[in-house]
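Notes follow once the structure below has been shown.
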Amino acid sequence: MDFALTDQQQQIKDSIVKLCENFGPDYWLERDNEGGYPEEFYQAMAKDGWLGIAMPEEYGGAGLGITEAAIMLQAIAQSGAALSGASAIHINVFGPHPIVVHGTPEQKQRWLVPLIKGEEKACFGVTEPDAGLNTAAIKTRAVWDGDKYVVNGRKMWTTTAQEAKKILLLARTTPREECKRRMDGISLFYTDLNRDHVEIREIAKMGRKAVDTNALFIDNLPVPKEDLIGEEGKGFYYLLDGLNPERILIAAEAIGIGRVALDRAARYARERVVFDRPIGQNQGIQHPLAEAWAKLAAVEALMFKAAWLYDTGQPCGAEANAAKYLAGEFGFEACERAVLTHGGMGYAKEFHVERYMREIMIARIAPISRELVLSYLAERVLDLPKSY
């Protein structure tokens, strides 16, 4: 059992750390205050070839695994970019996976190459306002009119839609009542985000202002047959290919945010003098930070185990979900303790830790709630009856 990074993996980490040094705390503070997509950061990542880290080499990717992608995204988050930086990149890792697995060679050439080069951005159109995590209940319909599909419906929490040219879109092609299984009849498309037929409204939110999140209103969006991924009606099952990698990557990002928050807290505790001694000399400061470090170290091991299982073709659902759950909880705890270590200054934007605490909330909520993760583990690991 070897826990060391390979030479290649260490080079990936070192290269990302060096690249992120060009986008320091002031850059991300400005993005948080003013909004605006971190285009300079995104293009720097594209220029060095990182957008295709887990995509096939024949289309310009690096052909590496989720382990290497997790190393990259954890390093981005831990640099202080947090989710403002990681969210600008990570859809390139898990989002196109159904295309990689189920797309035709022509589709892969047409879609993956511009994604990897940073010439096109994509967004993820899955969640709906009346369905939430109950994907079988989506109401967006794609109807074949003899020439093309025509899509109508709504999508919610669609990240980067303000910037995206393409959308990975999930829609019903067969009414639910006509399907044998509730997840049947749902198809997956990768198509143009045609603003003549899609109204995009940005959602104001508590954190990650740099990376937009949106509500989409789709009105007679034309989708050509060649933009259908795989077989009609099997889209949900294709989508499953990207779910475990997404959980692993969110865990890696949450760990990175927790780590940078702890680093800032420890630095402040060493430097801040009260009653003629650094506050870091007090066990009341030391112990909460040390406990947070230990918890992050533990979940990091679980996260990399999940990534290794995935990359070696083994079942990893339990580990991926557990890592996502624990990383969100422990990352939040680390950020909260970093804010409290700073005292009143923890509430000030210039010390950055309050932004980390706001952004880490995403990892607790999305892409799956804490409660559903626990239900999954209870049912799939402990063999308990389904509770919902």
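Residues in the structure tokens are named by chain (A, B, ... in the order shown) and by number from 1 within that chain; ligands are numbered from 1 in the order shown.
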
#### Entry: Contact residues around Val151 in chain A with only C-alpha atoms at 8 Å, ignoring same-chain residues under 6 positions, as an MDAnalysis selection string
chainID A and resid 140:143 171 218:223

Let's have the selection written as a PDB file, in the first residue's frame, with N, CA and C atoms.
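See again11.pdb below for the written result:
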```
ATOM      1  N   THR A 140     -38.890  18.988 -18.309  1.00  0.00           N
ATOM      2  CA  THR A 140     -38.402  19.478 -19.603  1.00  0.00           C
ATOM      3  C   THR A 140     -38.576  18.389 -20.659  1.00  0.00           C
ATOM      4  N   ARG A 141     -39.199  18.729 -21.781  1.00  0.00           N
ATOM      5  CA  ARG A 141     -39.524  17.766 -22.827  1.00  0.00           C
ATOM      6  C   ARG A 141     -38.761  18.077 -24.102  1.00  0.00           C
ATOM      7  N   ALA A 142     -38.315  17.021 -24.741  1.00  0.00           N
ATOM      8  CA  ALA A 142     -37.727  17.113 -26.074  1.00  0.00           C
ATOM      9  C   ALA A 142     -38.604  16.279 -27.004  1.00  0.00           C
ATOM     10  N   VAL A 143     -39.280  16.931 -27.919  1.00  0.00           N
ATOM     11  CA  VAL A 143     -40.239  16.263 -28.800  1.00  0.00           C
ATOM     12  C   VAL A 143     -39.688  16.254 -30.228  1.00  0.00           C
ATOM     13  N   ALA A 171     -33.441  15.844 -20.832  1.00  0.00           N
ATOM     14  CA  ALA A 171     -34.855  16.124 -21.114  1.00  0.00           C
ATOM     15  C   ALA A 171     -35.600  14.822 -21.372  1.00  0.00           C
ATOM     16  N   ILE A 218     -36.499  27.589 -21.241  1.00  0.00           N
ATOM     17  CA  ILE A 218     -36.263  27.061 -22.584  1.00  0.00           C
ATOM     18  C   ILE A 218     -37.573  27.071 -23.371  1.00  0.00           C
ATOM     19  N   ASP A 219     -37.554  27.740 -24.510  1.00  0.00           N
ATOM     20  CA  ASP A 219     -38.765  27.930 -25.308  1.00  0.00           C
ATOM     21  C   ASP A 219     -38.496  27.497 -26.750  1.00  0.00           C
ATOM     22  N   ASN A 220     -38.979  26.299 -27.099  1.00  0.00           N
ATOM     23  CA  ASN A 220     -38.845  25.777 -28.473  1.00  0.00           C
ATOM     24  C   ASN A 220     -37.396  25.769 -28.961  1.00  0.00           C
ATOM     25  N   LEU A 221     -36.502  25.278 -28.122  1.00  0.00           N
ATOM     26  CA  LEU A 221     -35.087  25.163 -28.496  1.00  0.00           C
ATOM     27  C   LEU A 221     -34.918  24.039 -29.515  1.00  0.00           C
ATOM     28  N   PRO A 222     -34.428  24.350 -30.733  1.00  0.00           N
ATOM     29  CA  PRO A 222     -34.218  23.289 -31.720  1.00  0.00           C
ATOM     30  C   PRO A 222     -32.910  22.541 -31.440  1.00  0.00           C
ATOM     31  N   VAL A 223     -32.997  21.225 -31.451  1.00  0.00           N
ATOM     32  CA  VAL A 223     -31.824  20.384 -31.193  1.00  0.00           C
ATOM     33  C   VAL A 223     -31.728  19.337 -32.303  1.00  0.00           C
TER      34      VAL A 223
END
```

### Task
Extract the full set of alpha helix (DSSP H) residues from range 48-200 of chain A according to DSSP on the backbone, and format it as a PyMOL selection string.
chain A and resi 66-76+82-86+91-94+97-102+105-117

### Query
Got a sec: who's within 7 Å of range 352-369 of chain A, counting only C-alpha atoms, leaving out chain neighbours fewer than 2 positions off, as JSON, numbers by chain?
{"A": [82, 83, 206, 207, 208, 250, 254, 257, 261, 325, 328, 329, 331, 332, 335, 336, 338, 339, 346, 347, 349, 350, 371, 372, 373]}
